[in-house]
file my_file.cif (mmCIF, C-alpha atoms and all ligand atoms)
data_entry
#
loop_
_atom_site.label_atom_id
_atom_site.label_comp_id
_atom_site.auth_asym_id
_atom_site.auth_seq_id
_atom_site.Cartn_x
_atom_site.Cartn_y
_atom_site.Cartn_z
CA MET K 1 5.25 36.08 -25.52
CA THR K 2 6.45 34.07 -22.53
CA VAL K 3 7.65 36.14 -19.58
CA VAL K 4 10.18 34.70 -17.14
CA LEU K 5 9.82 35.75 -13.51
CA ARG K 6 12.42 34.77 -10.95
CA SER K 7 11.28 35.90 -7.51
CA PRO K 8 7.99 35.23 -5.65
CA GLN K 9 7.49 39.01 -5.28
CA GLU K 10 7.93 39.60 -9.03
CA PHE K 11 5.60 36.73 -9.82
CA LYS K 12 2.91 37.89 -7.41
CA GLN K 13 3.03 41.37 -8.96
CA TRP K 14 2.52 39.86 -12.45
CA ARG K 15 -0.30 37.70 -11.10
CA ARG K 16 -2.10 40.71 -9.56
CA GLN K 17 -2.12 42.31 -13.03
CA GLN K 18 -3.95 39.22 -14.40
CA LYS K 19 -6.85 39.56 -11.97
CA GLY K 20 -10.04 38.05 -13.39
CA SER K 21 -8.24 35.56 -15.70
CA SER K 22 -8.25 31.84 -14.98
CA VAL K 23 -4.76 30.36 -14.61
CA GLY K 24 -3.77 26.78 -15.46
CA PHE K 25 -0.57 25.82 -13.67
CA VAL K 26 1.99 23.13 -14.54
CA PRO K 27 4.65 22.74 -11.81
CA THR K 28 7.84 21.00 -13.01
CA MET K 29 11.51 20.50 -12.26
CA GLY K 30 12.39 21.29 -15.90
CA ALA K 31 13.95 18.80 -18.36
CA LEU K 32 10.61 19.02 -20.13
CA HIS K 33 9.41 16.17 -22.37
CA SER K 34 6.21 15.31 -24.21
CA GLY K 35 4.58 14.20 -20.93
CA HIS K 36 4.89 17.79 -19.67
CA GLU K 37 3.72 19.04 -23.06
CA GLU K 38 0.49 17.10 -22.57
CA LEU K 39 -0.05 18.91 -19.24
CA LEU K 40 0.62 22.28 -20.91
CA LYS K 41 -1.85 21.48 -23.72
CA ARG K 42 -4.60 20.60 -21.24
CA ALA K 43 -3.87 23.77 -19.27
CA ARG K 44 -4.00 25.82 -22.50
CA GLN K 45 -7.39 24.34 -23.47
CA GLU K 46 -9.02 24.93 -20.09
CA ASN K 47 -7.72 28.34 -18.94
CA ASP K 48 -7.19 31.96 -20.03
CA LEU K 49 -3.52 31.87 -19.01
CA VAL K 50 -0.90 29.15 -18.58
CA VAL K 51 1.88 29.26 -15.98
CA LEU K 52 4.80 26.84 -15.87
CA SER K 53 7.21 26.63 -12.95
CA ILE K 54 10.71 25.21 -13.20
CA PHE K 55 12.48 24.53 -9.92
CA VAL K 56 14.65 21.53 -9.09
CA ASN K 57 13.52 21.28 -5.49
CA PRO K 58 16.39 20.04 -3.30
CA THR K 59 14.19 19.18 -0.29
CA GLN K 60 12.51 16.29 -2.13
CA PHE K 61 15.77 14.52 -3.03
CA ASN K 62 16.73 12.08 -0.28
CA ASP K 63 19.83 11.15 -2.33
CA PRO K 64 22.12 14.18 -2.95
CA LYS K 65 23.70 12.38 -5.96
CA ASP K 66 20.28 12.14 -7.61
CA PHE K 67 19.82 15.91 -7.08
CA GLU K 68 23.24 16.72 -8.56
CA LYS K 69 22.57 14.55 -11.61
CA TYR K 70 19.10 15.93 -12.31
CA PRO K 71 19.16 17.11 -15.95
CA LEU K 72 19.08 20.89 -16.54
CA THR K 73 17.90 21.90 -20.00
CA TRP K 74 16.82 25.55 -19.71
CA ASP K 75 17.17 26.48 -23.43
CA GLN K 76 15.06 23.53 -24.58
CA ASP K 77 12.53 24.11 -21.78
CA LEU K 78 12.10 27.75 -22.78
CA LYS K 79 11.53 26.72 -26.41
CA MET K 80 8.90 24.18 -25.39
CA ALA K 81 7.18 26.80 -23.21
CA GLU K 82 7.10 29.26 -26.10
CA THR K 83 5.83 26.66 -28.58
CA ASN K 84 3.02 25.81 -26.17
CA LYS K 85 2.12 29.47 -25.63
CA VAL K 86 2.95 29.53 -21.95
CA ASP K 87 2.23 33.03 -20.62
CA ALA K 88 4.66 33.00 -17.70
CA ILE K 89 7.46 30.83 -16.37
CA PHE K 90 8.18 31.03 -12.65
CA TYR K 91 11.87 30.10 -12.33
CA PRO K 92 12.96 30.77 -8.74
CA ARG K 93 16.19 30.08 -6.84
CA TYR K 94 16.54 28.21 -3.53
CA PRO K 95 16.99 31.19 -1.11
CA GLU K 96 13.85 32.85 -2.44
CA MET K 97 11.77 29.67 -2.21
CA TYR K 98 13.10 28.74 1.23
CA PRO K 99 13.63 32.00 3.17
CA ASP K 100 13.24 29.87 6.34
CA ASN K 101 15.82 27.32 5.05
CA TYR K 102 13.10 24.62 5.35
CA ARG K 103 12.29 25.08 9.04
CA TYR K 104 8.59 24.89 8.12
CA LYS K 105 7.27 21.91 6.20
CA VAL K 106 4.04 20.18 5.19
CA THR K 107 3.75 16.55 6.30
CA GLU K 108 1.11 13.91 5.63
CA GLY K 109 1.15 11.10 8.17
CA GLU K 110 -0.15 7.95 6.46
CA TYR K 111 -0.17 7.49 2.69
CA SER K 112 3.10 9.44 2.33
CA LYS K 113 4.84 6.77 4.43
CA LEU K 114 4.02 3.98 1.93
CA LEU K 115 5.49 3.11 -1.48
CA ASP K 116 7.95 5.85 -2.53
CA GLY K 117 7.65 7.44 0.91
CA ALA K 118 8.91 4.24 2.56
CA HIS K 119 11.94 4.12 0.25
CA ARG K 120 12.70 7.84 0.06
CA PRO K 121 12.44 9.25 3.60
CA GLY K 122 11.29 12.87 3.61
CA HIS K 123 10.56 12.89 -0.13
CA PHE K 124 6.87 13.76 0.14
CA ASP K 125 7.47 16.38 2.87
CA GLY K 126 9.68 18.13 0.31
CA VAL K 127 7.12 17.73 -2.49
CA LEU K 128 4.13 18.91 -0.44
CA SER K 129 6.05 21.83 1.05
CA VAL K 130 7.27 23.15 -2.30
CA VAL K 131 3.89 22.62 -3.98
CA MET K 132 2.13 24.52 -1.15
CA LYS K 133 4.61 27.40 -1.67
CA LEU K 134 4.10 27.32 -5.45
CA PHE K 135 0.29 27.34 -5.09
CA ASN K 136 0.48 30.30 -2.70
CA ILE K 137 2.67 32.25 -5.13
CA VAL K 138 0.99 31.31 -8.42
CA ALA K 139 -2.62 31.30 -7.13
CA PRO K 140 -3.80 28.97 -9.94
CA THR K 141 -7.37 28.10 -10.85
CA LYS K 142 -6.35 24.56 -11.85
CA ALA K 143 -3.07 22.65 -11.49
CA TYR K 144 -2.10 19.71 -13.71
CA PHE K 145 -0.25 16.58 -12.56
CA GLY K 146 0.72 13.42 -14.44
CA GLU K 147 -0.59 10.08 -13.24
CA LYS K 148 2.87 8.55 -13.61
CA ASP K 149 3.45 10.03 -10.16
CA PHE K 150 0.10 8.76 -8.91
CA GLN K 151 1.06 8.82 -5.22
CA GLN K 152 2.32 12.39 -5.56
CA MET K 153 -0.85 13.51 -7.38
CA THR K 154 -3.08 11.86 -4.74
CA LEU K 155 -1.16 13.42 -1.84
CA ILE K 156 -1.34 16.89 -3.44
CA LYS K 157 -5.07 16.50 -4.01
CA GLY K 158 -5.46 15.50 -0.34
CA MET K 159 -3.43 18.53 0.80
CA VAL K 160 -5.61 20.89 -1.27
CA GLU K 161 -8.75 19.40 0.29
CA SER K 162 -7.37 19.31 3.85
CA PHE K 163 -6.22 22.94 3.81
CA PHE K 164 -9.30 24.26 1.93
CA MET K 165 -7.09 25.57 -0.85
CA ASP K 166 -8.95 27.31 -3.60
CA LEU K 167 -7.93 25.38 -6.72
CA GLU K 168 -8.70 22.20 -8.65
CA ILE K 169 -6.18 19.40 -9.15
CA VAL K 170 -6.43 17.87 -12.63
CA PRO K 171 -4.86 14.39 -13.08
CA VAL K 172 -3.56 13.66 -16.60
CA ALA K 173 -2.99 10.13 -17.96
CA THR K 174 0.63 8.91 -18.20
CA VAL K 175 2.25 9.58 -21.57
CA ARG K 176 4.29 6.62 -22.84
CA GLU K 177 6.93 5.92 -25.46
CA GLU K 178 5.83 3.60 -28.27
CA ASP K 179 7.36 0.65 -26.42
CA GLY K 180 5.36 1.45 -23.26
CA LEU K 181 8.03 3.15 -21.14
CA ALA K 182 6.48 6.01 -19.16
CA LYS K 183 7.97 9.37 -20.21
CA SER K 184 10.26 10.75 -17.52
CA SER K 185 13.10 13.25 -17.30
CA ARG K 186 15.19 10.45 -15.79
CA ASN K 187 14.95 8.33 -18.99
CA THR K 188 17.68 10.50 -20.57
CA ARG K 189 20.11 9.08 -18.00
CA LEU K 190 19.64 5.47 -19.19
CA ASN K 191 22.41 4.08 -21.42
CA SER K 192 21.34 2.32 -24.63
CA GLU K 193 21.32 -1.15 -23.07
CA GLU K 194 19.26 0.06 -20.08
CA ARG K 195 16.90 2.00 -22.35
CA ALA K 196 16.23 -1.20 -24.34
CA LYS K 197 15.42 -3.07 -21.12
CA ALA K 198 13.32 -0.34 -19.47
CA PRO K 199 9.89 -1.10 -21.07
CA ALA K 200 9.89 -4.43 -19.18
CA ILE K 201 8.78 -2.49 -16.11
CA TYR K 202 5.40 -1.57 -17.65
CA LYS K 203 4.98 -5.02 -19.18
CA ALA K 204 5.68 -6.74 -15.84
CA ILE K 205 3.16 -4.74 -13.78
CA ARG K 206 0.48 -5.07 -16.47
CA GLU K 207 0.88 -8.73 -17.33
CA SER K 208 1.88 -10.42 -14.05
CA LYS K 209 -0.83 -12.10 -11.98
CA SER K 210 0.49 -10.70 -8.71
CA ALA K 211 2.81 -7.99 -7.41
CA GLU K 212 5.21 -10.69 -6.27
CA GLU K 213 5.35 -12.26 -9.73
CA ALA K 214 6.09 -8.84 -11.27
CA ALA K 215 8.88 -8.16 -8.74
CA ASN K 216 10.48 -11.57 -9.35
CA SER K 217 10.32 -11.16 -13.11
CA LEU K 218 11.99 -7.71 -12.93
CA ASN K 219 14.69 -8.88 -10.52
CA GLN K 220 15.48 -11.78 -12.89
CA GLN K 221 15.83 -9.35 -15.79
CA GLY K 222 18.48 -7.34 -13.92
CA PHE K 223 16.37 -4.61 -12.32
CA LYS K 224 16.90 -3.87 -8.62
CA VAL K 225 13.32 -3.67 -7.41
CA ASP K 226 12.47 -1.26 -4.55
CA TYR K 227 8.84 -2.40 -4.46
CA VAL K 228 5.92 -3.71 -6.46
CA THR K 229 2.77 -3.17 -4.38
CA ASP K 230 -0.96 -3.38 -5.06
CA ILE K 231 -3.14 -0.80 -3.28
CA ASP K 232 -6.81 -0.10 -4.09
CA ASN K 233 -6.87 -1.60 -7.59
CA ARG K 234 -3.60 -0.01 -8.61
CA ARG K 235 -0.19 -1.67 -8.95
CA TYR K 236 2.83 0.54 -8.18
CA VAL K 237 6.46 -0.18 -9.02
CA ALA K 238 9.83 1.43 -8.36
CA ALA K 239 13.00 -0.20 -9.64
CA PHE K 240 16.56 0.72 -10.45
CA LEU K 241 18.18 0.09 -13.78
CA GLY K 242 21.85 0.78 -13.07
CA GLU K 243 21.82 4.09 -11.22
CA VAL K 244 18.48 5.29 -12.56
CA ARG K 245 15.35 4.81 -10.46
CA LEU K 246 12.19 4.40 -12.52
CA ILE K 247 8.60 4.39 -11.26
CA ASP K 248 5.31 3.47 -12.89
CA ASN K 249 1.77 2.34 -12.01
CA VAL K 250 -1.27 0.79 -13.68
CA GLN K 251 -4.87 0.20 -12.76
CA ILE K 252 -5.52 -3.51 -12.08
O1 LIG R 301 6.70 16.08 -10.26
C1 LIG R 301 7.57 16.97 -10.15
O2 LIG R 301 8.22 17.37 -11.13
C2 LIG R 301 7.86 17.56 -8.78
O3 LIG R 301 7.73 16.61 -7.78
C3 LIG R 301 7.01 18.82 -8.48
C4 LIG R 301 5.54 18.48 -8.41
C5 LIG R 301 7.25 19.87 -9.54
C6 LIG R 301 7.44 19.40 -7.11
O4 LIG R 301 8.78 19.75 -7.09
#
call {"tool": "encode", "arguments": {"input": "my_file.cif", "output": "structure tokens", "more": "lines below"}}
Ligand code: PAF
result
Amino acid sequence: MTVVLRSPQEFKQWRRQQKGSSVGFVPTMGALHSGHEELLKRARQENDLVVLSIFVNPTQFNDPKDFEKYPLTWDQDLKMAETNKVDAIFYPRYPEMYPDNYRYKVTEGEYSKLLDGAHRPGHFDGVLSVVMKLFNIVAPTKAYFGEKDFQQMTLIKGMVESFFMDLEIVPVATVREEDGLAKSSRNTRLNSEERAKAPAIYKAIRESKSAEEAANSLNQQGFKVDYVTDIDNRRYVAAFLGEVRLIDNVQI
């Protein structure tokens, strides 16, 4: 049975009762898809207990419209959690997660300023701050993050190391649709024409000889490219299709 716990205090009490069990943790903003399911499966294989959190974290949205439009699919999410034998869902509300109303935050000063950080000011402060809070509440043994958000995963791993936090970060390979599009909660916001175009993003970063060539090719196909950048043998892209911002990355 999956229990749903709404406040940090309630969750911590449940967690104290599980003393001695390893906990695999999958933090999410809900709107679960098969990419999340992959994280839950890995967590199930490697731990005694699995915890899922669902919290659409306002502090990581630099664009309020993007926050308002973020899909909410609680009934489906609960079903997926139950199917995947999640032991507990932590499903908090803003005032309980931010009793200080975000006066305190976690900031990284270099890598978080590049790529998505350069285009979404404050985004990674919001991500790192909420993930630090979630780790302190959930006290996981291992936490699972998709490589689609490679910059996010790397920054979280760095935070865990820098603050001597007692858990392991497990990166999980990007799950893709058959046509190559990386699974994302935002894909549901694409109209049918945009959805048909979207796989070009993966094709462009994989097949182009340079970042510049990939950016030009996407712009010509009607994407509005934020960036295509190569760093340390990895090519990162962020581009809009209509109002929907998609990101992806590949090893090069
Ligand atoms: O990747 C996400 O869904 C979010 O950025 C995370 C890690 C749950 C923090 O809000």
call {"tool": "residues_near_ligand", "arguments": {"input": "my_file.cif", "ligand": "ligand LIG 301 (chain R)", "cutoff": "10 Å", "atoms": "all atoms listed in the file", "output": "PDB file with C-alpha atoms, in the coordinates of the input"}}
result
ATOM      1  CA  VAL K  26       1.990  23.130 -14.540  1.00  0.00           C
ATOM      2  CA  PRO K  27       4.650  22.740 -11.810  1.00  0.00           C
ATOM      3  CA  THR K  28       7.840  21.000 -13.010  1.00  0.00           C
ATOM      4  CA  MET K  29      11.510  20.500 -12.260  1.00  0.00           C
ATOM      5  CA  GLY K  30      12.390  21.290 -15.900  1.00  0.00           C
ATOM      6  CA  ALA K  31      13.950  18.800 -18.360  1.00  0.00           C
ATOM      7  CA  LEU K  32      10.610  19.020 -20.130  1.00  0.00           C
ATOM      8  CA  HIS K  36       4.890  17.790 -19.670  1.00  0.00           C
ATOM      9  CA  LEU K  52       4.800  26.840 -15.870  1.00  0.00           C
ATOM     10  CA  SER K  53       7.210  26.630 -12.950  1.00  0.00           C
ATOM     11  CA  ILE K  54      10.710  25.210 -13.200  1.00  0.00           C
ATOM     12  CA  PHE K  55      12.480  24.530  -9.920  1.00  0.00           C
ATOM     13  CA  VAL K  56      14.650  21.530  -9.090  1.00  0.00           C
ATOM     14  CA  ASN K  57      13.520  21.280  -5.490  1.00  0.00           C
ATOM     15  CA  PRO K  58      16.390  20.040  -3.300  1.00  0.00           C
ATOM     16  CA  THR K  59      14.190  19.180  -0.290  1.00  0.00           C
ATOM     17  CA  GLN K  60      12.510  16.290  -2.130  1.00  0.00           C
ATOM     18  CA  PHE K  61      15.770  14.520  -3.030  1.00  0.00           C
ATOM     19  CA  HIS K 123      10.560  12.890  -0.130  1.00  0.00           C
ATOM     20  CA  PHE K 124       6.870  13.760   0.140  1.00  0.00           C
ATOM     21  CA  GLY K 126       9.680  18.130   0.310  1.00  0.00           C
ATOM     22  CA  VAL K 127       7.120  17.730  -2.490  1.00  0.00           C
ATOM     23  CA  LEU K 128       4.130  18.910  -0.440  1.00  0.00           C
ATOM     24  CA  SER K 129       6.050  21.830   1.050  1.00  0.00           C
ATOM     25  CA  VAL K 130       7.270  23.150  -2.300  1.00  0.00           C
ATOM     26  CA  VAL K 131       3.890  22.620  -3.980  1.00  0.00           C
ATOM     27  CA  MET K 132       2.130  24.520  -1.150  1.00  0.00           C
ATOM     28  CA  LEU K 134       4.100  27.320  -5.450  1.00  0.00           C
ATOM     29  CA  TYR K 144      -2.100  19.710 -13.710  1.00  0.00           C
ATOM     30  CA  PHE K 145      -0.250  16.580 -12.560  1.00  0.00           C
ATOM     31  CA  GLY K 146       0.720  13.420 -14.440  1.00  0.00           C
ATOM     32  CA  GLU K 147      -0.590  10.080 -13.240  1.00  0.00           C
ATOM     33  CA  LYS K 148       2.870   8.550 -13.610  1.00  0.00           C
ATOM     34  CA  ASP K 149       3.450  10.030 -10.160  1.00  0.00           C
ATOM     35  CA  PHE K 150       0.100   8.760  -8.910  1.00  0.00           C
ATOM     36  CA  GLN K 152       2.320  12.390  -5.560  1.00  0.00           C
ATOM     37  CA  MET K 153      -0.850  13.510  -7.380  1.00  0.00           C
ATOM     38  CA  ILE K 156      -1.340  16.890  -3.440  1.00  0.00           C
ATOM     39  CA  SER K 184      10.260  10.750 -17.520  1.00  0.00           C
ATOM     40  CA  SER K 185      13.100  13.250 -17.300  1.00  0.00           C
TER      41      SER K 185
END
call {"tool": "closest_residue", "arguments": {"input": "my_file.cif", "among": "K:Leu40, K:Phe135, K:Arg15, K:His33", "to": "Thr73 in chain K", "atoms": "only C-alpha atoms"}}
result
K:His33
call {"tool": "residues_around", "arguments": {"input": "my_file.cif", "residues": "Tyr202 in chain K", "least_positions_apart": "6", "cutoff": "8 Å", "atoms": "all atoms listed in the file", "output": "ChimeraX atom specification"}}
result
/K:180-182,248-249
call {"tool": "closest_residue", "arguments": {"input": "my_file.cif", "among": "K:Ser7, K:Ser21, K:Tyr70, K:Gln151", "to": "Tyr98 in chain K", "atoms": "only C-alpha atoms"}}
result
K:Ser7
call {"tool": "atom_distance", "arguments": {"input": "my_file.cif", "atom1": "CA of Pro199 in chain K", "atom2": "CA of Tyr111 in chain K"}}
result
27.2 Å
call {"tool": "closest_residue", "arguments": {"input": "my_file.cif", "among": "K:Val237, K:Asp166, K:Arg16, K:Gly158", "to": "Ala200 in chain K", "atoms": "all atoms listed in the file"}}
result
K:Val237
call {"tool": "atom_distance", "arguments": {"input": "my_file.cif", "atom1": "CA of Arg245 in chain K", "atom2": "CA of Glu110 in chain K"}}
result
23.2 Å
call {"tool": "closest_residue", "arguments": {"input": "my_file.cif", "among": "K:Glu177, K:Glu213, K:Glu168, K:Asp125", "to": "Ala198 in chain K", "atoms": "only C-alpha atoms"}}
result
K:Glu177
call {"tool": "residues_around", "arguments": {"input": "my_file.cif", "residues": "Met165 in chain K", "least_positions_apart": "5", "cutoff": "10 Å", "atoms": "all atoms listed in the file", "output": "PyMOL selection string"}}
result
chain K and resi 132+135-136+139+157+159-160
call {"tool": "residues_around", "arguments": {"input": "my_file.cif", "residues": "Ala81 in chain K", "least_positions_apart": "6", "cutoff": "9 Å", "atoms": "only C-alpha atoms", "output": "number ranges by chain"}}
result
K: 2, 37, 40, 52, 87-89
call {"tool": "write_last_selection", "arguments": {"input": "my_file.cif", "atoms": "C-alpha atoms", "output": "PDB file, keeping the file's coordinate frame"}}
result
ATOM      1  CA  THR K   2       6.450  34.070 -22.530  1.00  0.00           C
ATOM      2  CA  GLU K  37       3.720  19.040 -23.060  1.00  0.00           C
ATOM      3  CA  LEU K  40       0.620  22.280 -20.910  1.00  0.00           C
ATOM      4  CA  LEU K  52       4.800  26.840 -15.870  1.00  0.00           C
ATOM      5  CA  ASP K  87       2.230  33.030 -20.620  1.00  0.00           C
ATOM      6  CA  ALA K  88       4.660  33.000 -17.700  1.00  0.00           C
ATOM      7  CA  ILE K  89       7.460  30.830 -16.370  1.00  0.00           C
TER       8      ILE K  89
END
call {"tool": "closest_residue", "arguments": {"input": "my_file.cif", "among": "K:Gln13, K:Asn101, K:Gln251, K:Ser217", "to": "Ala173 in chain K", "atoms": "only C-alpha atoms"}}
result
K:Gln251
call {"tool": "closest_residue", "arguments": {"input": "my_file.cif", "among": "K:Pro140, K:Pro92, K:Gly109, K:Gly20", "to": "Ile169 in chain K", "atoms": "only C-alpha atoms"}}
result
K:Pro140
call {"tool": "build_atoms", "arguments": {"input": "my_file.cif", "residues": "range 59-79 of chain K", "atoms": "N, CA and C atoms", "output": "PDB file, in the frame of the given file"}}
result
ATOM      1  N   THR K  59      14.712  19.830  -1.507  1.00  0.00           N
ATOM      2  CA  THR K  59      14.190  19.180  -0.290  1.00  0.00           C
ATOM      3  C   THR K  59      13.475  17.854  -0.575  1.00  0.00           C
ATOM      4  N   GLN K  60      13.185  17.561  -1.843  1.00  0.00           N
ATOM      5  CA  GLN K  60      12.510  16.290  -2.130  1.00  0.00           C
ATOM      6  C   GLN K  60      13.466  15.196  -2.581  1.00  0.00           C
ATOM      7  N   PHE K  61      14.773  15.522  -2.631  1.00  0.00           N
ATOM      8  CA  PHE K  61      15.770  14.520  -3.030  1.00  0.00           C
ATOM      9  C   PHE K  61      16.394  13.947  -1.764  1.00  0.00           C
ATOM     10  N   ASN K  62      16.101  12.684  -1.451  1.00  0.00           N
ATOM     11  CA  ASN K  62      16.730  12.080  -0.280  1.00  0.00           C
ATOM     12  C   ASN K  62      18.175  11.689  -0.608  1.00  0.00           C
ATOM     13  N   ASP K  63      18.480  11.529  -1.916  1.00  0.00           N
ATOM     14  CA  ASP K  63      19.830  11.150  -2.330  1.00  0.00           C
ATOM     15  C   ASP K  63      20.484  12.361  -3.018  1.00  0.00           C
ATOM     16  N   PRO K  64      21.490  12.970  -2.375  1.00  0.00           N
ATOM     17  CA  PRO K  64      22.120  14.180  -2.950  1.00  0.00           C
ATOM     18  C   PRO K  64      22.690  13.941  -4.350  1.00  0.00           C
ATOM     19  N   LYS K  65      23.132  12.674  -4.626  1.00  0.00           N
ATOM     20  CA  LYS K  65      23.700  12.380  -5.960  1.00  0.00           C
ATOM     21  C   LYS K  65      22.628  12.504  -7.036  1.00  0.00           C
ATOM     22  N   ASP K  66      21.413  12.063  -6.682  1.00  0.00           N
ATOM     23  CA  ASP K  66      20.280  12.140  -7.610  1.00  0.00           C
ATOM     24  C   ASP K  66      19.975  13.611  -7.926  1.00  0.00           C
ATOM     25  N   PHE K  67      20.053  14.463  -6.904  1.00  0.00           N
ATOM     26  CA  PHE K  67      19.820  15.910  -7.080  1.00  0.00           C
ATOM     27  C   PHE K  67      20.873  16.499  -8.021  1.00  0.00           C
ATOM     28  N   GLU K  68      22.149  16.161  -7.747  1.00  0.00           N
ATOM     29  CA  GLU K  68      23.240  16.720  -8.560  1.00  0.00           C
ATOM     30  C   GLU K  68      23.122  16.297 -10.023  1.00  0.00           C
ATOM     31  N   LYS K  69      22.616  15.070 -10.240  1.00  0.00           N
ATOM     32  CA  LYS K  69      22.570  14.550 -11.610  1.00  0.00           C
ATOM     33  C   LYS K  69      21.282  14.910 -12.339  1.00  0.00           C
ATOM     34  N   TYR K  70      20.377  15.622 -11.658  1.00  0.00           N
ATOM     35  CA  TYR K  70      19.100  15.930 -12.310  1.00  0.00           C
ATOM     36  C   TYR K  70      19.352  16.791 -13.548  1.00  0.00           C
ATOM     37  N   PRO K  71      18.822  16.381 -14.719  1.00  0.00           N
ATOM     38  CA  PRO K  71      19.160  17.110 -15.950  1.00  0.00           C
ATOM     39  C   PRO K  71      18.644  18.552 -15.954  1.00  0.00           C
ATOM     40  N   LEU K  72      19.484  19.485 -16.420  1.00  0.00           N
ATOM     41  CA  LEU K  72      19.080  20.890 -16.540  1.00  0.00           C
ATOM     42  C   LEU K  72      19.112  21.254 -18.018  1.00  0.00           C
ATOM     43  N   THR K  73      17.988  21.661 -18.550  1.00  0.00           N
ATOM     44  CA  THR K  73      17.900  21.900 -20.000  1.00  0.00           C
ATOM     45  C   THR K  73      17.120  23.193 -20.270  1.00  0.00           C
ATOM     46  N   TRP K  74      17.578  24.296 -19.670  1.00  0.00           N
ATOM     47  CA  TRP K  74      16.820  25.550 -19.710  1.00  0.00           C
ATOM     48  C   TRP K  74      16.461  25.980 -21.145  1.00  0.00           C
ATOM     49  N   ASP K  75      17.435  25.955 -22.082  1.00  0.00           N
ATOM     50  CA  ASP K  75      17.170  26.480 -23.430  1.00  0.00           C
ATOM     51  C   ASP K  75      16.038  25.707 -24.108  1.00  0.00           C
ATOM     52  N   GLN K  76      16.118  24.375 -23.995  1.00  0.00           N
ATOM     53  CA  GLN K  76      15.060  23.530 -24.580  1.00  0.00           C
ATOM     54  C   GLN K  76      13.712  23.768 -23.887  1.00  0.00           C
ATOM     55  N   ASP K  77      13.768  23.912 -22.559  1.00  0.00           N
ATOM     56  CA  ASP K  77      12.530  24.110 -21.780  1.00  0.00           C
ATOM     57  C   ASP K  77      11.844  25.409 -22.209  1.00  0.00           C
ATOM     58  N   LEU K  78      12.656  26.454 -22.382  1.00  0.00           N
ATOM     59  CA  LEU K  78      12.100  27.750 -22.780  1.00  0.00           C
ATOM     60  C   LEU K  78      11.432  27.632 -24.153  1.00  0.00           C
ATOM     61  N   LYS K  79      12.099  26.907 -25.062  1.00  0.00           N
ATOM     62  CA  LYS K  79      11.530  26.720 -26.410  1.00  0.00           C
ATOM     63  C   LYS K  79      10.190  26.009 -26.332  1.00  0.00           C
TER      64      LYS K  79
END
